[in-house]
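Here is structure-v2.tsv, consisting of TSV, C-alpha atoms:
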chain	number	residue	atom	x	y	z
A	1	MET	CA	0.00	0.00	0.00
A	2	LYS	CA	1.07	3.58	-0.68
A	3	LEU	CA	-0.23	6.43	1.44
A	4	LYS	CA	-0.54	9.76	-0.36
A	5	VAL	CA	-1.15	13.01	1.49
A	6	PHE	CA	-2.32	16.08	-0.44
A	7	SER	CA	-2.07	19.71	0.45
A	8	SER	CA	-5.22	21.39	1.74
A	9	LEU	CA	-4.27	24.92	0.69
A	10	LEU	CA	-7.31	25.10	-1.58
A	11	PHE	CA	-9.55	24.25	1.33
A	12	ILE	CA	-7.97	26.93	3.50
A	13	PHE	CA	-8.40	29.49	0.71
A	14	LEU	CA	-12.07	28.62	0.28
A	15	LEU	CA	-12.60	28.72	4.01
A	16	LEU	CA	-11.08	32.17	4.40
A	17	SER	CA	-13.05	33.46	1.41
A	18	SER	CA	-16.32	32.14	2.77
A	19	LEU	CA	-15.81	33.40	6.30
A	20	SER	CA	-15.90	36.98	5.05
A	21	ASN	CA	-19.68	37.11	4.90
A	22	GLY	CA	-22.26	34.38	5.41
A	23	GLN	CA	-22.99	31.02	7.05
A	24	VAL	CA	-20.12	28.53	7.06
A	25	LEU	CA	-19.68	24.96	8.29
A	26	THR	CA	-16.65	22.70	7.81
A	27	GLY	CA	-15.75	19.13	8.52
A	28	ASN	CA	-13.77	16.03	7.55
A	29	TYR	CA	-14.68	12.76	5.88
A	30	TYR	CA	-12.88	9.41	5.87
A	31	VAL	CA	-13.90	6.10	4.36
A	32	ASP	CA	-11.95	2.84	4.13
A	33	SER	CA	-12.34	-0.87	3.55
A	34	ASN	CA	-13.88	-1.29	7.01
A	35	THR	CA	-16.75	1.07	6.14
A	36	PRO	CA	-19.96	-0.89	5.36
A	37	GLY	CA	-20.62	-1.01	1.61
A	38	TYR	CA	-17.13	0.14	0.66
A	39	THR	CA	-15.94	-1.54	-2.59
A	40	LEU	CA	-13.29	0.83	-3.90
A	41	HIS	CA	-10.47	-1.49	-2.86
A	42	GLN	CA	-11.53	-4.44	-5.00
A	43	GLY	CA	-12.86	-5.37	-8.42
A	44	ASP	CA	-12.64	-3.54	-11.74
A	45	GLY	CA	-14.78	-1.01	-13.61
A	46	ASP	CA	-16.84	1.77	-12.13
A	47	ARG	CA	-17.32	1.68	-8.37
A	48	ILE	CA	-18.98	4.38	-6.31
A	49	PHE	CA	-19.21	4.94	-2.59
A	50	ASP	CA	-21.45	7.61	-1.05
A	51	TYR	CA	-20.62	9.15	2.29
A	52	GLU	CA	-23.41	11.13	3.96
A	53	VAL	CA	-22.67	14.40	5.75
A	54	VAL	CA	-25.29	15.86	8.09
A	55	PHE	CA	-24.83	19.49	9.12
A	56	ASP	CA	-24.76	20.24	12.82
A	57	LYS	CA	-27.09	23.16	12.11
A	58	PRO	CA	-29.31	23.50	9.04
A	59	PHE	CA	-28.63	26.38	6.66
A	60	ASP	CA	-31.29	28.90	5.73
A	61	GLU	CA	-31.17	27.41	2.22
A	62	ALA	CA	-29.04	24.90	0.30
A	63	PRO	CA	-25.40	26.10	0.54
A	64	THR	CA	-22.49	25.78	-1.85
A	65	VAL	CA	-20.27	22.83	-0.94
A	66	TYR	CA	-16.59	22.23	-1.73
A	67	VAL	CA	-14.79	18.93	-1.16
A	68	THR	CA	-11.03	18.36	-1.12
A	69	VAL	CA	-8.99	15.16	-1.00
A	70	THR	CA	-6.18	15.24	1.56
A	71	LEU	CA	-5.39	11.53	1.94
A	72	ILE	CA	-5.48	8.46	-0.34
A	73	ASP	CA	-4.36	4.98	0.66
A	74	GLU	CA	-3.87	3.20	-2.67
A	75	ILE	CA	-3.00	-0.40	-3.35
A	76	ASP	CA	0.42	-0.92	-4.93
A	77	ASN	CA	0.50	-0.76	-8.74
A	78	SER	CA	-3.03	0.58	-8.87
A	79	LYS	CA	-3.77	3.28	-11.39
A	80	MET	CA	-5.08	6.48	-9.84
A	81	ARG	CA	-8.42	7.07	-11.51
A	82	TYR	CA	-10.98	8.69	-9.24
A	83	HIS	CA	-13.05	11.74	-8.51
A	84	VAL	CA	-14.70	13.11	-5.40
A	85	VAL	CA	-17.71	15.43	-5.70
A	86	PRO	CA	-20.53	16.70	-3.46
A	87	LYS	CA	-24.09	15.90	-4.54
A	88	GLY	CA	-27.62	15.95	-3.21
A	89	ILE	CA	-27.00	19.20	-1.36
A	90	THR	CA	-29.82	20.39	0.92
A	91	ARG	CA	-30.18	22.69	3.90
A	92	ASP	CA	-29.46	19.71	6.16
A	93	GLY	CA	-26.51	18.01	4.49
A	94	PHE	CA	-25.08	16.43	1.36
A	95	ILE	CA	-23.40	13.34	-0.06
A	96	VAL	CA	-19.68	12.98	-0.73
A	97	GLU	CA	-19.50	10.78	-3.82
A	98	VAL	CA	-16.20	8.92	-4.29
A	99	LYS	CA	-15.87	7.17	-7.63
A	100	VAL	CA	-13.07	5.01	-9.07
A	101	TRP	CA	-12.91	3.19	-12.40
A	102	SER	CA	-10.87	0.74	-14.45
A	103	ASP	CA	-8.50	-1.26	-12.23
A	104	THR	CA	-8.04	1.49	-9.64
A	105	ARG	CA	-8.10	0.10	-6.10
A	106	ILE	CA	-7.98	2.33	-3.08
A	107	ASN	CA	-8.11	1.20	0.54
A	108	ALA	CA	-9.10	4.56	2.00
A	109	PHE	CA	-10.07	8.13	1.12
A	110	GLY	CA	-9.96	11.13	3.35
A	111	GLY	CA	-10.50	14.84	3.02
A	112	GLN	CA	-12.27	17.96	4.11
A	113	TRP	CA	-15.46	19.75	3.13
A	114	ILE	CA	-16.77	23.25	3.49
A	115	ALA	CA	-20.37	24.37	3.15
A	116	SER	CA	-20.95	28.07	2.70
A	117	LEU	CA	-24.02	30.21	2.20
A	118	TYR	CA	-22.69	33.54	1.05
A	119	GLU	CA	-24.88	36.44	2.01
A	120	GLU	CA	-24.93	39.38	-0.34
A	121	PRO	CA	-24.29	42.57	1.60
A	122	THR	CA	-27.30	44.83	1.90
A	123	PRO	CA	-26.68	47.76	-0.42
A	124	PRO	CA	-26.96	51.18	1.15
A	125	PRO	CA	-30.16	53.03	0.36
A	126	PRO	CA	-29.87	55.36	-2.62
A	127	PRO	CA	-29.44	58.99	-1.76
A	128	PRO	CA	-32.70	60.90	-1.65
A	129	THR	CA	-33.71	62.26	-5.01
A	130	THR	CA	-33.79	66.01	-5.15
A	131	THR	CA	-36.62	67.40	-7.23
A	132	LEU	CA	-35.68	70.78	-8.61
A	133	THR	CA	-38.56	73.11	-9.29
A	134	PHE	CA	-38.11	76.15	-11.51
A	135	GLU	CA	-40.67	78.91	-11.88
A	136	ASN	CA	-41.52	80.30	-15.30
A	137	ILE	CA	-40.58	83.82	-16.33
A	138	TYR	CA	-42.84	86.02	-18.46
A	139	PHE	CA	-42.49	88.63	-21.21
A	140	ASP	CA	-44.43	91.55	-22.61
A	141	TYR	CA	-46.10	91.18	-25.97
A	142	ASN	CA	-43.61	90.84	-28.84
A	143	LYS	CA	-40.69	91.35	-26.43
A	144	CYS	CA	-37.70	89.25	-25.37
A	145	VAL	CA	-36.42	91.75	-22.80
A	146	LEU	CA	-36.17	90.33	-19.28
A	147	LYS	CA	-38.42	92.02	-16.73
A	148	THR	CA	-37.19	92.86	-13.23
A	149	GLU	CA	-39.24	90.04	-11.72
A	150	ALA	CA	-37.84	87.65	-14.34
A	151	LYS	CA	-34.29	88.54	-13.28
A	152	VAL	CA	-35.20	87.86	-9.65
A	153	GLU	CA	-36.40	84.38	-10.61
A	154	LEU	CA	-33.32	83.76	-12.80
A	155	ASP	CA	-31.10	84.69	-9.84
A	156	LYS	CA	-32.82	81.93	-7.86
A	157	ILE	CA	-32.29	79.45	-10.70
A	158	ALA	CA	-28.62	80.41	-10.93
A	159	ASP	CA	-28.24	79.78	-7.19
A	160	VAL	CA	-29.82	76.33	-7.54
A	161	LEU	CA	-27.49	75.45	-10.42
A	162	VAL	CA	-24.42	76.58	-8.47
A	163	LYS	CA	-25.41	74.33	-5.57
A	164	ASN	CA	-26.11	71.40	-7.93
A	165	PRO	CA	-23.18	71.38	-10.38
A	166	SER	CA	-24.25	68.17	-12.09
A	167	VAL	CA	-27.68	69.49	-13.06
A	168	LYS	CA	-28.38	70.57	-16.63
A	169	ILE	CA	-31.54	72.32	-17.75
A	170	MET	CA	-33.55	72.80	-20.90
A	171	ILE	CA	-34.88	76.32	-21.49
A	172	HIS	CA	-38.14	76.35	-23.48
A	173	GLY	CA	-39.24	79.60	-25.13
A	174	HIS	CA	-43.00	80.11	-25.69
A	175	THR	CA	-45.26	82.76	-27.25
A	176	CYS	CA	-48.95	83.52	-27.47
A	177	ASP	CA	-50.85	82.99	-30.72
A	178	ARG	CA	-50.46	86.51	-32.11
A	179	GLY	CA	-48.19	86.61	-35.15
A	180	THR	CA	-47.24	83.99	-37.69
A	181	ASP	CA	-45.90	80.57	-36.76
A	182	ALA	CA	-42.49	81.40	-38.24
A	183	TYR	CA	-42.24	84.71	-36.39
A	184	ASN	CA	-43.32	83.16	-33.09
A	185	LYS	CA	-40.76	80.38	-33.52
A	186	LYS	CA	-37.98	82.97	-33.71
A	187	LEU	CA	-39.47	85.00	-30.85
A	188	GLY	CA	-39.55	81.92	-28.63
A	189	GLU	CA	-35.91	81.31	-29.51
A	190	ARG	CA	-34.94	84.89	-28.56
A	191	ARG	CA	-36.73	84.57	-25.23
A	192	ALA	CA	-35.00	81.29	-24.40
A	193	ASN	CA	-31.62	82.75	-25.36
A	194	ALA	CA	-32.25	85.84	-23.23
A	195	ALA	CA	-32.69	83.62	-20.18
A	196	LYS	CA	-29.64	81.54	-21.08
A	197	ASP	CA	-27.42	84.58	-21.58
A	198	TYR	CA	-28.44	85.95	-18.19
A	199	LEU	CA	-27.58	82.68	-16.45
A	200	VAL	CA	-24.22	82.50	-18.22
A	201	LYS	CA	-23.42	86.02	-16.98
A	202	LYS	CA	-24.19	84.70	-13.49
A	203	GLY	CA	-21.44	82.13	-13.89
A	204	ILE	CA	-23.37	79.09	-15.13
A	205	ASP	CA	-21.46	77.07	-17.74
A	206	ALA	CA	-23.23	77.40	-21.09
A	207	THR	CA	-22.82	73.65	-21.72
A	208	ARG	CA	-25.31	73.04	-18.90
A	209	LEU	CA	-27.99	75.12	-20.63
A	210	THR	CA	-29.91	73.97	-23.72
A	211	THR	CA	-32.50	76.13	-25.45
A	212	LYS	CA	-35.52	75.18	-27.51
A	213	SER	CA	-38.21	77.33	-29.07
A	214	GLU	CA	-41.76	75.99	-28.86
A	215	GLY	CA	-43.26	79.11	-30.44
A	216	GLU	CA	-47.03	79.15	-29.98
A	217	ASN	CA	-47.36	75.35	-30.20
A	218	LEU	CA	-47.53	74.53	-26.47
A	219	PRO	CA	-49.71	77.12	-24.75
A	220	ALA	CA	-50.03	76.86	-20.97
A	221	ILE	CA	-53.64	77.94	-21.34
A	222	ALA	CA	-55.98	78.61	-24.29
A	223	ASN	CA	-55.35	81.98	-25.93
A	224	THR	CA	-58.87	83.18	-25.24
A	225	THR	CA	-58.27	86.52	-23.54
A	226	GLU	CA	-55.40	88.97	-23.19
A	227	GLU	CA	-54.78	87.71	-19.64
A	228	ASP	CA	-54.49	84.17	-21.01
A	229	ARG	CA	-52.03	85.30	-23.65
A	230	LYS	CA	-49.82	86.91	-20.97
A	231	LYS	CA	-49.49	83.49	-19.32
A	232	ASN	CA	-48.32	81.98	-22.60
A	233	ARG	CA	-45.54	84.53	-23.20
A	234	ARG	CA	-43.11	82.67	-21.07
A	235	VAL	CA	-39.91	80.68	-20.66
A	236	GLU	CA	-40.02	77.34	-18.87
A	237	PHE	CA	-37.05	75.57	-17.24
A	238	LYS	CA	-36.88	71.78	-17.01
A	239	GLU	CA	-34.14	69.61	-15.54
A	240	ILE	CA	-32.49	67.30	-18.07
A	241	LYS	CA	-32.39	63.81	-16.56

What would the structure in this file look like if it were written as structure tokens?
Amino acid sequence: MKLKVFSSLLFIFLLLSSLSNGQVLTGNYYVDSNTPGYTLHQGDGDRIFDYEVVFDKPFDEAPTVYVTVTLIDEIDNSKMRYHVVPKGITRDGFIVEVKVWSDTRINAFGGQWIASLYEEPTPPPPPPTTTLTFENIYFDYNKCVLKTEAKVELDKIADVLVKNPSVKIMIHGHTCDRGTDAYNKKLGERRANAAKDYLVKKGIDATRLTTKSEGENLPAIANTTEEDRKKNRRVEFKEIK
């Protein structure tokens, strides 16, 4: 007989890796010719022996199991053809399957096992989402000149953008229904650019500001009265997600 002892460095590595986070159990197994039903030391062809492992404490669910071979007692002149694998893994235990084939004859097998249920770390909650609200600014009929109250609101928007450097906004220019579509398209563009230019002068990077003219196409309210039209001569600010 020849006794072969194998290194268990792999087992140690797996153990240390598994201990980092989760449920872990370890143990040894050993079977030999004195074990009831053991036939790996005699005969030819495929021979299998199953060794049952019962966990001292059940896992919350079926774990991952690793098995290593640390000792083999082989019969002289026997070819080494074998494998050892875990199977039938449940919360309560598993089977160590030892298989040999051809004329391999082995008096004893020994090794170690590790069962690990790795627990994914709970991710931290996402930071609260900040909803940025921007008030519209308004213009006189056929004008793109910023009113005093519009500048007050733009100062507030500039302050928000300074405090939130990753935020980009779209500036939408709108008009009422007086004038042609083509003229109103250009007027909406001038109004949007007036707001953008003011914010740039306040120190906001122009690359964070995009303009778009809606003309008279998206009224906030029906252009029924002059008061309604005043509400449509506006610039809207929307955060670009």

Taking the point (-6.7, 1.9, -9.6) as given in the file, collect each protein or nucleic acid residue that comes within 8 Å of it, counting only C-alpha atoms, and present the set as a tab-separated table (two decimals) with C-alpha atoms, in the coordinates of the input.
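File produced: result.tsv:
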chain	number	residue	atom	x	y	z
A	74	GLU	CA	-3.87	3.20	-2.67
A	75	ILE	CA	-3.00	-0.40	-3.35
A	77	ASN	CA	0.50	-0.76	-8.74
A	78	SER	CA	-3.03	0.58	-8.87
A	79	LYS	CA	-3.77	3.28	-11.39
A	80	MET	CA	-5.08	6.48	-9.84
A	81	ARG	CA	-8.42	7.07	-11.51
A	100	VAL	CA	-13.07	5.01	-9.07
A	101	TRP	CA	-12.91	3.19	-12.40
A	102	SER	CA	-10.87	0.74	-14.45
A	103	ASP	CA	-8.50	-1.26	-12.23
A	104	THR	CA	-8.04	1.49	-9.64
A	105	ARG	CA	-8.10	0.10	-6.10
A	106	ILE	CA	-7.98	2.33	-3.08

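Between CA of Asp228 in chain A and CA of Tyr138 in chain A the interatomic distance comes to 12.1 Å.
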
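In terms of minimum interatomic distance to Asp159 in chain A, A:Leu199 ranks closest within A:Lys57, A:Asn217, A:Arg191, A:Leu199, counting only C-alpha atoms.
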
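Taking CA of Asn34 in chain A as the reference point, CA of Tyr51 in chain A is found at 13.3 Å.
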
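Here CA of Leu187 in chain A stands at a distance of 14.2 Å from CA of Glu236 in chain A.
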
Smallest atom-to-atom distance to Thr64 in chain A: which of A:Ala115, A:Val84, A:Leu40, A:Ile171, using only C-alpha atoms? A:Ala115

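Distance check against Val65 in chain A using only C-alpha atoms: of A:Trp113, A:Arg91, A:Val98, A:Ala108, the minimum falls on A:Trp113.
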
(-19.7, 12.0, -3.8) in this file's frame - what residues fall within 6 Å of it? Use all atoms listed in the file and give the answer as a PyMOL selection string. chain A and resi 50+84-87+95-98

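Of the listed residues A:Asp44, A:Glu216, A:Val160, A:Asp92, the one whose atoms come nearest to Thr180 in chain A is A:Glu216, with distances taken using all atoms listed in the file.
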
Within 12 Å of Leu25 in chain A using all atoms listed in the file, minus same-chain residues under 2 positions, as a PyMOL selection string: chain A and resi 14-16+18-19+22-23+27-28+53-59+63-66+91-93+112-118

Can you tell me which residues surround Pro36 in chain A at a distance of at most 10 Å, considering only C-alpha atoms, apart from same-chain residues fewer than 4 positions away, and format the answer as a list in words? Val31, Asp32 and Phe49 of chain A
